[in-house]
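One file, entry-v7.tsv, carrying TSV, C-alpha atoms:
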chain	number	residue	atom	x	y	z
A	133	MET	CA	0.68	-21.69	-14.07
A	134	LYS	CA	1.47	-19.72	-10.90
A	135	LEU	CA	-0.86	-17.22	-9.28
A	136	MET	CA	0.07	-13.76	-10.55
A	137	ASP	CA	-2.10	-10.69	-10.24
A	138	ALA	CA	-2.56	-7.93	-12.81
A	139	HIS	CA	0.03	-5.77	-11.02
A	140	GLY	CA	2.84	-8.29	-11.36
A	141	ARG	CA	2.71	-9.55	-7.79
A	142	ALA	CA	3.29	-13.29	-7.27
A	143	ILE	CA	0.81	-14.72	-4.75
A	144	SER	CA	2.63	-17.08	-2.40
A	145	TYR	CA	0.72	-16.75	0.90
A	146	LEU	CA	-2.73	-18.14	1.76
A	147	ARG	CA	-4.63	-17.28	4.95
A	148	LEU	CA	-7.12	-20.11	5.39
A	149	SER	CA	-9.89	-19.83	7.98
A	150	VAL	CA	-11.28	-23.08	9.37
A	151	THR	CA	-14.05	-21.57	11.51
A	152	ASP	CA	-15.73	-18.25	12.15
A	153	ARG	CA	-16.50	-19.14	15.77
A	154	CYS	CA	-14.41	-18.05	18.73
A	155	ASN	CA	-14.23	-18.58	22.49
A	156	LEU	CA	-13.44	-14.89	23.07
A	157	ARG	CA	-15.21	-11.69	22.01
A	158	CYS	CA	-12.39	-9.23	21.35
A	159	SER	CA	-13.80	-5.75	20.90
A	160	TYR	CA	-12.04	-5.05	17.57
A	161	CYS	CA	-12.92	-8.43	16.10
A	162	MET	CA	-16.61	-9.09	16.71
A	163	PRO	CA	-19.66	-7.76	18.55
A	164	GLU	CA	-20.13	-8.70	22.19
A	165	GLU	CA	-22.99	-11.04	21.25
A	166	GLY	CA	-20.84	-12.75	18.63
A	167	ILE	CA	-21.77	-13.18	14.98
A	168	PRO	CA	-24.64	-15.18	13.45
A	169	LYS	CA	-23.70	-18.84	13.47
A	170	ALA	CA	-23.41	-20.50	10.10
A	171	VAL	CA	-25.35	-23.68	9.53
A	172	HIS	CA	-23.19	-26.76	9.25
A	173	ALA	CA	-23.56	-27.06	5.48
A	174	GLU	CA	-22.19	-23.53	4.96
A	175	ILE	CA	-18.82	-24.35	6.54
A	176	LEU	CA	-16.26	-26.11	4.40
A	177	ARG	CA	-15.49	-29.69	5.32
A	178	PHE	CA	-11.89	-30.53	6.10
A	179	GLU	CA	-11.69	-32.46	2.84
A	180	GLU	CA	-12.63	-29.26	0.99
A	181	LEU	CA	-10.15	-27.16	2.96
A	182	GLU	CA	-7.50	-29.74	2.14
A	183	GLN	CA	-8.42	-29.56	-1.54
A	184	ILE	CA	-8.12	-25.78	-1.53
A	185	THR	CA	-4.71	-26.02	0.12
A	186	GLU	CA	-3.43	-28.61	-2.35
A	187	ILE	CA	-4.61	-26.57	-5.33
A	188	ALA	CA	-3.21	-23.34	-3.91
A	189	VAL	CA	0.19	-24.93	-3.32
A	190	SER	CA	0.20	-26.33	-6.85
A	191	LEU	CA	-0.30	-22.73	-8.02
A	192	GLY	CA	2.70	-21.38	-6.13
A	193	ILE	CA	1.44	-20.85	-2.59
A	194	GLU	CA	4.37	-21.58	-0.28
A	195	LYS	CA	3.00	-20.40	3.06
A	196	VAL	CA	-0.38	-21.28	4.58
A	197	ARG	CA	-1.61	-19.63	7.76
A	198	ILE	CA	-4.53	-21.34	9.51
A	199	THR	CA	-6.87	-18.82	11.13
A	200	GLY	CA	-10.40	-18.44	12.47
A	201	GLY	CA	-12.35	-17.28	14.42
A	202	GLU	CA	-10.33	-19.41	16.77
A	203	PRO	CA	-9.00	-22.43	14.88
A	204	LEU	CA	-8.22	-24.51	17.98
A	205	ILE	CA	-11.91	-24.88	18.85
A	206	ARG	CA	-12.75	-26.81	15.67
A	207	ARG	CA	-12.86	-30.55	16.19
A	208	GLY	CA	-10.59	-32.55	13.94
A	209	LEU	CA	-8.17	-29.69	13.37
A	210	VAL	CA	-4.99	-31.53	14.34
A	211	PRO	CA	-5.44	-34.47	11.91
A	212	PHE	CA	-6.25	-31.92	9.18
A	213	LEU	CA	-3.04	-30.05	9.92
A	214	ALA	CA	-1.06	-33.28	9.82
A	215	ARG	CA	-2.44	-34.05	6.36
A	216	ILE	CA	-1.81	-30.68	4.77
A	217	SER	CA	1.66	-30.39	6.31
A	218	THR	CA	2.80	-33.17	3.97
A	219	ILE	CA	1.60	-31.49	0.75
A	220	PRO	CA	4.62	-31.28	-1.56
A	221	GLY	CA	5.64	-27.67	-2.12
A	222	LEU	CA	4.15	-26.30	1.11
A	223	ASN	CA	7.16	-24.74	2.80
A	224	PHE	CA	5.57	-23.01	5.80
A	225	LEU	CA	2.55	-24.10	7.84
A	226	VAL	CA	1.73	-21.59	10.57
A	227	LEU	CA	-1.28	-20.93	12.77
A	228	THR	CA	-2.80	-17.93	14.52
A	229	THR	CA	-4.59	-18.51	17.83
A	230	ASN	CA	-5.84	-16.59	20.84
A	231	GLY	CA	-3.92	-19.06	23.02
A	232	VAL	CA	-6.84	-20.17	25.19
A	233	ARG	CA	-6.40	-23.86	24.25
A	234	LEU	CA	-2.70	-23.69	23.46
A	235	ALA	CA	-1.42	-25.26	26.68
A	236	GLU	CA	-3.34	-28.48	26.03
A	237	LEU	CA	-2.64	-28.66	22.28
A	238	ALA	CA	0.91	-27.34	21.81
A	239	THR	CA	2.58	-30.74	21.53
A	240	GLU	CA	-0.08	-32.05	19.14
A	241	LEU	CA	0.33	-28.98	16.94
A	242	ARG	CA	4.09	-29.49	16.78
A	243	ASP	CA	3.67	-33.17	15.93
A	244	ALA	CA	1.15	-32.28	13.22
A	245	GLY	CA	3.73	-30.17	11.41
A	246	VAL	CA	2.89	-26.64	12.51
A	247	GLU	CA	6.14	-24.69	12.31
A	248	ARG	CA	5.23	-21.46	14.10
A	249	LEU	CA	2.41	-19.91	16.06
A	250	ASN	CA	1.13	-16.36	16.24
A	251	VAL	CA	-0.75	-15.60	19.43
A	252	SER	CA	-3.08	-12.64	19.82
A	253	LEU	CA	-2.19	-10.85	23.06
A	254	ASP	CA	-3.37	-7.27	23.47
A	255	SER	CA	-2.50	-6.58	27.10
A	256	LEU	CA	-0.19	-7.79	29.84
A	257	ARG	CA	-2.58	-6.50	32.50
A	258	THR	CA	-5.20	-8.95	33.73
A	259	GLU	CA	-8.10	-6.50	33.86
A	260	THR	CA	-7.31	-4.78	30.56
A	261	PHE	CA	-6.98	-8.16	28.86
A	262	ARG	CA	-10.32	-9.25	30.31
A	263	ALA	CA	-11.97	-6.04	29.11
A	264	ILE	CA	-10.60	-6.22	25.55
A	265	THR	CA	-11.45	-9.91	25.16
A	266	ARG	CA	-14.72	-9.58	27.09
A	267	GLY	CA	-13.91	-12.25	29.63
A	268	GLY	CA	-10.57	-13.79	28.66
A	269	ASP	CA	-8.06	-15.03	31.23
A	270	LEU	CA	-4.54	-13.69	30.70
A	271	ALA	CA	-2.89	-16.39	32.83
A	272	THR	CA	-4.30	-19.12	30.57
A	273	VAL	CA	-2.76	-17.52	27.48
A	274	LEU	CA	0.61	-17.01	29.18
A	275	ARG	CA	0.63	-20.69	30.16
A	276	GLY	CA	-0.02	-21.50	26.52
A	277	LEU	CA	3.02	-19.47	25.43
A	278	ASP	CA	5.24	-21.39	27.84
A	279	ALA	CA	3.73	-24.71	26.74
A	280	ALA	CA	4.51	-23.97	23.10
A	281	VAL	CA	8.19	-23.39	23.88
A	282	GLN	CA	8.32	-26.47	26.11
A	283	ALA	CA	6.84	-28.49	23.25
A	284	GLY	CA	9.76	-27.49	21.06
A	285	LEU	CA	8.06	-24.86	18.95
A	286	PRO	CA	9.80	-21.52	18.36
A	287	HIS	CA	8.73	-18.68	20.62
A	288	PRO	CA	5.27	-17.70	19.32
A	289	LYS	CA	5.01	-14.32	17.66
A	290	LEU	CA	2.72	-12.07	19.66
A	291	ASN	CA	0.16	-9.90	17.88
A	292	MET	CA	-0.84	-6.75	19.76
A	293	VAL	CA	-3.57	-4.54	18.31
A	294	VAL	CA	-2.66	-1.08	19.58
A	295	MET	CA	-5.65	0.97	20.75
A	296	LYS	CA	-5.01	4.52	21.92
A	297	GLY	CA	-6.35	5.13	25.42
A	298	ILE	CA	-6.85	1.41	26.03
A	299	ASN	CA	-3.52	-0.40	25.78
A	300	ASP	CA	-1.08	1.95	24.05
A	301	ASP	CA	0.62	2.63	27.39
A	302	GLU	CA	1.83	-1.00	27.25
A	303	ILE	CA	3.78	-0.66	23.99
A	304	VAL	CA	7.15	-0.37	25.75
A	305	ALA	CA	6.27	-3.22	28.13
A	306	PHE	CA	5.55	-5.49	25.16
A	307	ALA	CA	8.83	-4.47	23.54
A	308	GLU	CA	10.67	-5.24	26.76
A	309	MET	CA	8.97	-8.66	26.84
A	310	ALA	CA	10.19	-9.35	23.31
A	311	ARG	CA	13.71	-8.28	24.23
A	312	GLU	CA	13.82	-10.37	27.41
A	313	ARG	CA	12.23	-13.51	25.95
A	314	GLY	CA	13.95	-13.32	22.60
A	315	CYS	CA	10.60	-13.46	20.82
A	316	THR	CA	8.85	-11.15	18.36
A	317	VAL	CA	5.94	-8.82	19.05
A	318	ARG	CA	4.00	-7.41	16.12
A	319	PHE	CA	2.25	-4.12	16.81
A	320	ILE	CA	-0.83	-3.77	14.61
A	321	GLU	CA	-2.58	-0.51	13.87
A	322	TYR	CA	-6.20	-0.48	14.96
A	323	MET	CA	-8.32	-1.05	11.85
A	324	PRO	CA	-12.01	-0.12	11.53
A	325	ALA	CA	-13.16	-3.45	10.10
A	326	GLY	CA	-16.68	-3.00	11.42
A	327	ARG	CA	-16.74	0.76	10.80
A	328	VAL	CA	-17.07	1.54	14.52
A	329	GLU	CA	-18.21	5.11	15.16
A	330	GLY	CA	-15.31	7.23	16.35
A	331	TRP	CA	-12.67	4.57	15.62
A	332	GLN	CA	-10.13	7.31	14.95
A	333	ASP	CA	-10.09	8.08	18.68
A	334	HIS	CA	-8.34	4.75	19.26
A	335	PHE	CA	-6.06	4.90	16.24
A	336	LEU	CA	-2.30	5.23	16.79
A	337	PRO	CA	-0.10	5.34	13.66
A	338	GLY	CA	2.73	2.87	13.24
A	339	GLU	CA	5.29	5.67	13.09
A	340	GLU	CA	4.43	6.74	16.61
A	341	ILE	CA	4.53	3.12	17.81
A	342	TYR	CA	8.03	2.82	16.36
A	343	HIS	CA	9.28	6.05	17.95
A	344	ARG	CA	7.99	5.07	21.38
A	345	ILE	CA	9.99	1.85	21.21
A	346	ALA	CA	13.07	3.33	19.52
A	347	SER	CA	13.29	5.98	22.22
A	348	ARG	CA	13.93	3.19	24.74
A	349	PHE	CA	15.75	0.48	22.79
A	350	GLU	CA	18.24	0.37	19.95
A	351	LEU	CA	16.52	-1.18	16.94
A	352	VAL	CA	18.16	-2.60	13.82
A	353	PRO	CA	16.14	-3.15	10.61
A	354	ALA	CA	15.57	-6.84	9.96
A	355	GLY	CA	15.23	-8.35	6.51
A	356	ASP	CA	11.91	-9.91	5.52
A	357	GLY	CA	11.74	-13.13	3.54
A	358	ARG	CA	9.65	-13.36	0.39
A	359	THR	CA	6.93	-15.26	2.25
A	360	ALA	CA	6.91	-12.79	5.13
A	361	GLY	CA	3.78	-11.07	6.24
A	362	PRO	CA	3.10	-7.34	6.12
A	363	ALA	CA	5.12	-6.27	9.16
A	364	LYS	CA	8.06	-3.89	8.94
A	365	SER	CA	10.53	-5.76	11.10
A	366	TYR	CA	13.30	-4.74	13.50
A	367	ARG	CA	15.48	-6.61	15.94
A	368	PHE	CA	17.05	-5.44	19.17
A	369	SER	CA	20.76	-4.74	19.04
A	370	ASP	CA	21.34	-6.69	22.28
A	371	SER	CA	18.80	-9.50	21.97
A	372	PRO	CA	17.57	-12.10	19.47
A	373	GLY	CA	14.10	-10.70	20.02
A	374	GLY	CA	12.44	-8.21	17.74
A	375	ILE	CA	9.36	-6.25	16.82
A	376	GLY	CA	7.22	-5.81	13.76
A	377	ILE	CA	4.90	-2.92	12.95
A	378	ILE	CA	1.90	-3.46	10.71
A	379	SER	CA	0.74	-0.09	9.39
A	380	ALA	CA	-2.23	-1.17	7.32
A	381	VAL	CA	-3.95	2.19	7.73
A	382	SER	CA	-1.22	4.85	7.82
A	383	GLY	CA	1.41	3.22	5.65
A	384	HIS	CA	0.04	0.92	3.00
A	385	PHE	CA	2.26	-2.07	2.19
A	386	CYS	CA	0.07	-3.01	-0.77
A	387	ALA	CA	2.87	-2.87	-3.35
A	388	GLY	CA	4.40	-6.00	-1.84
A	389	CYS	CA	1.19	-7.81	-0.96
A	390	ASN	CA	1.55	-11.52	-1.72
A	391	ARG	CA	-1.56	-12.96	-0.06
A	392	ILE	CA	-5.11	-14.07	-0.54
A	393	ARG	CA	-7.68	-15.27	1.99
A	394	VAL	CA	-10.28	-18.01	2.02
A	395	THR	CA	-12.94	-17.93	4.72
A	396	ALA	CA	-14.41	-20.93	6.52
A	397	ARG	CA	-17.45	-20.59	4.25
A	398	GLY	CA	-15.28	-20.91	1.16
A	399	ILE	CA	-15.25	-17.24	0.16
A	400	ALA	CA	-11.98	-16.15	-1.41
A	401	ARG	CA	-10.91	-12.54	-0.89
A	402	SER	CA	-7.98	-10.96	-2.64
A	403	CYS	CA	-7.69	-8.02	-0.23
A	404	LEU	CA	-8.94	-7.60	3.31
A	405	PHE	CA	-10.53	-4.25	2.47
A	406	ALA	CA	-11.82	-5.02	-1.03
A	407	ASP	CA	-15.45	-5.93	-1.56
A	408	ASP	CA	-14.79	-8.39	-4.37
A	409	ALA	CA	-15.15	-12.05	-3.44
A	410	LEU	CA	-15.34	-15.51	-5.01
A	411	ASP	CA	-17.49	-18.30	-3.62
A	412	LEU	CA	-15.46	-21.49	-4.06
A	413	LYS	CA	-18.00	-23.76	-2.38
A	414	PRO	CA	-20.10	-24.57	-5.49
A	415	LEU	CA	-16.94	-25.33	-7.45
A	416	LEU	CA	-15.60	-27.59	-4.71
A	417	ARG	CA	-18.89	-29.46	-4.37
A	418	GLN	CA	-20.15	-29.57	-7.93
A	419	GLY	CA	-17.23	-28.68	-10.20
A	420	SER	CA	-13.88	-30.17	-11.03
A	421	ARG	CA	-10.36	-29.47	-9.81
A	422	GLU	CA	-9.74	-27.66	-13.10
A	423	ASP	CA	-12.74	-25.41	-12.39
A	424	VAL	CA	-11.26	-24.37	-9.04
A	425	VAL	CA	-7.83	-23.75	-10.57
A	426	ALA	CA	-9.23	-21.60	-13.37
A	427	ALA	CA	-11.49	-19.65	-11.02
A	428	LEU	CA	-8.62	-18.83	-8.65
A	429	GLN	CA	-6.40	-17.73	-11.50
A	430	ARG	CA	-9.10	-15.42	-12.85
A	431	PHE	CA	-9.94	-14.12	-9.39
A	432	VAL	CA	-6.38	-13.18	-8.50
A	433	LEU	CA	-6.31	-10.95	-11.57
A	434	THR	CA	-8.99	-8.80	-9.88
A	435	LYS	CA	-6.78	-8.15	-6.83
A	436	PRO	CA	-6.62	-4.35	-6.43
A	437	GLY	CA	-3.35	-2.49	-6.59
A	438	HIS	CA	-4.06	-1.01	-3.17
A	439	HIS	CA	-6.87	-0.53	-0.71
A	440	GLY	CA	-8.46	2.84	-0.02
A	441	MET	CA	-8.49	3.00	3.75
A	442	THR	CA	-6.77	5.93	5.48
A	443	PRO	CA	-6.72	7.28	9.05
A	444	ASP	CA	-9.53	9.65	7.98
A	445	GLU	CA	-11.92	7.39	6.09
A	446	ALA	CA	-12.79	3.84	5.12
A	447	HIS	CA	-14.64	2.89	1.94
A	448	HIS	CA	-15.04	-0.87	2.39
A	449	THR	CA	-18.22	-2.67	3.37
A	450	PRO	CA	-18.12	-3.28	7.16
A	451	PHE	CA	-17.21	-6.81	8.26
A	452	THR	CA	-16.06	-8.72	11.32
A	453	MET	CA	-12.51	-10.02	11.43
A	454	ALA	CA	-13.79	-13.36	12.75
A	455	GLY	CA	-15.97	-13.74	9.68
A	456	ILE	CA	-13.16	-12.93	7.24
A	457	GLY	CA	-10.34	-14.75	8.96
A	458	GLY	CA	-8.11	-12.71	11.24
Output the file's structure as structure tokens, nothing else.
Amino acid sequence: MKLMDAHGRAISYLRLSVTDRCNLRCSYCMPEEGIPKAVHAEILRFEELEQITEIAVSLGIEKVRITGGEPLIRRGLVPFLARISTIPGLNFLVLTTNGVRLAELATELRDAGVERLNVSLDSLRTETFRAITRGGDLATVLRGLDAAVQAGLPHPKLNMVVMKGINDDEIVAFAEMARERGCTVRFIEYMPAGRVEGWQDHFLPGEEIYHRIASRFELVPAGDGRTAGPAKSYRFSDSPGGIGIISAVSGHFCAGCNRIRVTARGIARSCLFADDALDLKPLLRQGSREDVVAALQRFVLTKPGHHGMTPDEAHHTPFTMAGIGG
């Protein structure tokens, strides 16, 4: 039986976090001091993450995105990726990274079966990048992007969280980068995951992001595949590059949501902004495969029709993106 929620949506996309730790401290993702470290026993072993992946694929998941924290800092990640990439029925294995370790690992990731990378990159200015990431080195990430292409991977998709008054003056520069390199940049609305006071001051709606780019470049709507993420996609009329706009706050895409998340601690979440959760760890460690299957099927039925966040208010319990899985 495939995973189907109560609203008739087939669930085909799993975001699987392998760690909640990170080597950066991006301002929209976690506090400057980081988050409380989980004890070793709280984090799922690779064997358990592999079991979740196998079960999810058997239930109709076609695309798995490996996330964190920063997944490339977890030891043993590459052999784990190589194992799950061979699971029958898994059609897309992708990974999101901040790019800090990408230059040294790009070839290993390709050989392990990773098909595409998404790289978080919120500024093309050295000082702005350092400020947003609280110490990150832009040149290191740019070297990682080049290394990925040299390793034979497709151009990584770039994820830019747009923050008004901080980096929104770089929107056109990012679009130009996508056009020149023939890659894709996804512009993501700033989301108040941690319920930061005054977050609306930094919020820029996706519609305005689109108009800033469209006023400079001719954009053509691009079709999204059934395993695509939440971005509304466009391509440039004179380049293979393109952009995507993720309007999670101003323009809900909930009607087509096809994803669930599992955190590094084994907590399944059906919606980023829903408070319902399912702890899979006891089932993985003390139950049977059938127990996990049944629990996931029941849990998906609780997936809400839509979340309640708007540019004016947020009703969810505050969380850190690193803890949930970015």
- Query: Taking only C-alpha atoms into account, which of A:Leu410, A:Val171, A:Ile298, A:Ile375 comes nearest Ile264 (chain A)?
  - Reply: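 Answer, going by the shortest atom-to-atom distance: A:Ile298.
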- Residues within 9 Å of Lys296 (chain A), only C-alpha atoms, excluding chain neighbours under 6 positions, as a list of chain:residue names: A:Tyr322, A:Asp333, A:His334, A:Phe335, A:Leu336
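Near region 431-437 of chain A, within 10 Å and counting only C-alpha atoms, sit A:Leu135, A:Met136, A:Asp137, A:Ala138, A:His139, A:Gly140, A:Arg141, A:Ala142, A:Ile143, A:Cys386, A:Ala387, A:Gly388, A:Cys389, A:Arg391, A:Ile392, A:Ala400, A:Arg401, A:Ser402, A:Cys403, A:Phe405, A:Ala406, A:Asp408, A:Ala409, A:Leu410, A:Val425, A:Ala426; same-chain residues fewer than 5 positions away were not included.
Among A:Met309, A:Leu428, A:Leu181, A:Ala396, the residue with the shortest atom-to-atom distance to Met133 (chain A), counting only C-alpha atoms, is A:Leu428.
Computed from the coordinates, the CA of Arg367 (chain A) to CA of Leu351 (chain A) distance equals 5.6 Å.
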- Which neighbours of Gly373 (chain A) fall inside 6 Å, counting all atoms listed in the file, when residues of the same chain fewer than 2 positions from it are skipped, and could you give them as an MDAnalysis selection string? chainID A and resid 310:311 314:316 367 371
Counting all atoms listed in the file, which residues of region 201-253 of chain A fall within 8 Å of region 275-282 of chain A, and what is the closest atom pair for each with its distance in Å at one decimal, ordered by chain and rising number, as JSON lines?
{"residue": "A:Gly231", "atom": "CA", "partner": "A:Gly276", "partner_atom": "CA", "distance": 5.8}
{"residue": "A:Val232", "atom": "CA", "partner": "A:Gly276", "partner_atom": "CA", "distance": 7.1}
{"residue": "A:Arg233", "atom": "CA", "partner": "A:Gly276", "partner_atom": "CA", "distance": 7.2}
{"residue": "A:Leu234", "atom": "CA", "partner": "A:Gly276", "partner_atom": "CA", "distance": 4.6}
{"residue": "A:Ala235", "atom": "CA", "partner": "A:Gly276", "partner_atom": "CA", "distance": 4.0}
{"residue": "A:Glu236", "atom": "CA", "partner": "A:Gly276", "partner_atom": "CA", "distance": 7.7}
{"residue": "A:Ala238", "atom": "CA", "partner": "A:Ala280", "partner_atom": "CA", "distance": 5.1}
{"residue": "A:Thr239", "atom": "CA", "partner": "A:Ala280", "partner_atom": "CA", "distance": 7.2}
- Query: Which is closer to Glu350 (chain A) than all the others in A:Ala307, A:Arg397, A:Leu237, A:Arg157, using only C-alpha atoms?
  - Reply: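 Closest to Glu350 (chain A) of all the choices is A:Ala307.
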Closest pair table for region 319-437 of chain A residues within 10 Å of region 185-188 of chain A, all atoms listed in the file, as CSV:
residue,atom,partner,partner_atom,distance
A:Val394,CA,A:Thr185,CA,9.9
A:Arg421,CA,A:Ile187,CA,7.8
A:Glu422,CA,A:Ile187,CA,9.4
A:Val424,CA,A:Ile187,CA,7.9
A:Val425,CA,A:Ile187,CA,6.8
A:Leu428,CA,A:Ala188,CA,8.5
A:Gln429,CA,A:Ala188,CA,10.0
- Task: Could you jot down the CA of Leu256 (chain A) to CA of His343 (chain A) separation for me, Å, one decimal place?
- Result: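 Distance reported for this atom pair: 20.6 Å.
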- Item | Residues within 6 Å of (6.3, -6.0, 17.5), file coords, all atoms listed in the file, listed as JSON, numbers by chain | {"A": [316, 317, 318, 319, 375, 376, 377]}
- Query: Hey, which of A:Arg153, A:Arg430, A:Arg393, A:Lys413 ends up closest to Glu180 (chain A)? Count only C-alpha atoms.
  - Reply: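 Closest to Glu180 (chain A) of all the choices is A:Lys413.
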Residue list as a short mmCIF file (atom, residue, chain, number, x, y, z; two decimals) with C-alpha atoms, in the frame of the given file for point (2.3, -21.0, -4.0), cut-off 8 Å, all atoms listed in the file:
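Just written: selection29.cif:
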data_model
loop_
_atom_site.label_atom_id
_atom_site.label_comp_id
_atom_site.auth_asym_id
_atom_site.auth_seq_id
_atom_site.Cartn_x
_atom_site.Cartn_y
_atom_site.Cartn_z
CA LYS A 134 1.47 -19.72 -10.90
CA LEU A 135 -0.86 -17.22 -9.28
CA ILE A 143 0.81 -14.72 -4.75
CA SER A 144 2.63 -17.08 -2.40
CA TYR A 145 0.72 -16.75 0.90
CA ALA A 188 -3.21 -23.34 -3.91
CA VAL A 189 0.19 -24.93 -3.32
CA SER A 190 0.20 -26.33 -6.85
CA LEU A 191 -0.30 -22.73 -8.02
CA GLY A 192 2.70 -21.38 -6.13
CA ILE A 193 1.44 -20.85 -2.59
CA GLU A 194 4.37 -21.58 -0.28
CA LYS A 195 3.00 -20.40 3.06
CA GLY A 221 5.64 -27.67 -2.12
CA LEU A 222 4.15 -26.30 1.11
#
Please determine an axis-aligned box that encloses all atoms of region 206-219 of chain A listed in the file, with 6 Å added on each side, and express its centre and edge lengths in Å to one decimal as lines of an AutoDock Vina configuration file.
center_x = -5.0
center_y = -30.6
center_z = 8.5
size_x = 27.7
size_y = 19.7
size_z = 27.4
- Could you work out how far CA of Ser379 (chain A) lies from CA of Val293 (chain A), giving the answer in Å with one decimal?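 CA of Ser379 (chain A) lies 10.9 Å from CA of Val293 (chain A).
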- Query: Which polymer residues have any atom within 7 Å of an atom of Val196 (chain A), counting only C-alpha atoms, with same-chain residues fewer than 2 positions away left out, as a ChimeraX atom specification?
  - Reply: /A:145-148,194,198,224-226
- Message: Can you pull out the residues contacting Gly355 (chain A)? Cut-off 12 Å, using all atoms listed in the file, and skip same-chain residues under 6 positions away; I want them as a list in words.
- Response: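 Here the qualifying residues turn out to be Gly361, Ala363, Lys364, Ser365, Tyr366, Arg367, Gly374 and Gly376 of chain A.
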- Task: Compare A:Asp152, A:Glu321, A:Glu308, A:Glu247 by their minimum atom-to-atom distance to His287 (chain A), counting all atoms listed in the file, and give me the closest one.
- Result: A:Glu247
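Candidate residues A:Ala380, A:Ala305, A:Leu209, A:Ile320 were compared for distance to Arg344 (chain A), and the nearest is A:Ala305, using all atoms listed in the file.
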Place N, CA and C atoms on region 387-399 of chain A and deliver the coordinates as a PDB file, keeping the file's coordinate frame.
ATOM      1  N   ALA A 387       2.014  -2.599  -2.199  1.00  0.00           N
ATOM      2  CA  ALA A 387       2.870  -2.870  -3.350  1.00  0.00           C
ATOM      3  C   ALA A 387       3.537  -4.242  -3.252  1.00  0.00           C
ATOM      4  N   GLY A 388       3.761  -4.697  -2.028  1.00  0.00           N
ATOM      5  CA  GLY A 388       4.400  -6.000  -1.840  1.00  0.00           C
ATOM      6  C   GLY A 388       3.457  -7.077  -1.363  1.00  0.00           C
ATOM      7  N   CYS A 389       2.154  -6.841  -1.473  1.00  0.00           N
ATOM      8  CA  CYS A 389       1.190  -7.810  -0.960  1.00  0.00           C
ATOM      9  C   CYS A 389       1.262  -9.106  -1.770  1.00  0.00           C
ATOM     10  N   ASN A 390       1.401 -10.221  -1.067  1.00  0.00           N
ATOM     11  CA  ASN A 390       1.550 -11.520  -1.720  1.00  0.00           C
ATOM     12  C   ASN A 390       0.508 -12.529  -1.264  1.00  0.00           C
ATOM     13  N   ARG A 391      -0.642 -12.038  -0.713  1.00  0.00           N
ATOM     14  CA  ARG A 391      -1.560 -12.960  -0.060  1.00  0.00           C
ATOM     15  C   ARG A 391      -2.991 -12.876  -0.552  1.00  0.00           C
ATOM     16  N   ILE A 392      -3.666 -13.997  -0.365  1.00  0.00           N
ATOM     17  CA  ILE A 392      -5.110 -14.070  -0.540  1.00  0.00           C
ATOM     18  C   ILE A 392      -5.685 -14.775   0.691  1.00  0.00           C
ATOM     19  N   ARG A 393      -6.996 -14.645   0.862  1.00  0.00           N
ATOM     20  CA  ARG A 393      -7.680 -15.270   1.990  1.00  0.00           C
ATOM     21  C   ARG A 393      -8.801 -16.153   1.490  1.00  0.00           C
ATOM     22  N   VAL A 394      -9.085 -17.212   2.242  1.00  0.00           N
ATOM     23  CA  VAL A 394     -10.280 -18.010   2.020  1.00  0.00           C
ATOM     24  C   VAL A 394     -10.948 -18.203   3.372  1.00  0.00           C
ATOM     25  N   THR A 395     -12.224 -17.828   3.458  1.00  0.00           N
ATOM     26  CA  THR A 395     -12.940 -17.930   4.720  1.00  0.00           C
ATOM     27  C   THR A 395     -13.424 -19.352   4.955  1.00  0.00           C
ATOM     28  N   ALA A 396     -13.904 -19.599   6.165  1.00  0.00           N
ATOM     29  CA  ALA A 396     -14.410 -20.930   6.520  1.00  0.00           C
ATOM     30  C   ALA A 396     -15.630 -21.304   5.690  1.00  0.00           C
ATOM     31  N   ARG A 397     -16.294 -20.324   5.111  1.00  0.00           N
ATOM     32  CA  ARG A 397     -17.450 -20.590   4.250  1.00  0.00           C
ATOM     33  C   ARG A 397     -17.055 -20.734   2.787  1.00  0.00           C
ATOM     34  N   GLY A 398     -15.752 -20.694   2.520  1.00  0.00           N
ATOM     35  CA  GLY A 398     -15.280 -20.910   1.160  1.00  0.00           C
ATOM     36  C   GLY A 398     -15.250 -19.664   0.294  1.00  0.00           C
ATOM     37  N   ILE A 399     -15.291 -18.493   0.915  1.00  0.00           N
ATOM     38  CA  ILE A 399     -15.250 -17.240   0.160  1.00  0.00           C
ATOM     39  C   ILE A 399     -13.812 -16.765   0.049  1.00  0.00           C
TER      40      ILE A 399
END
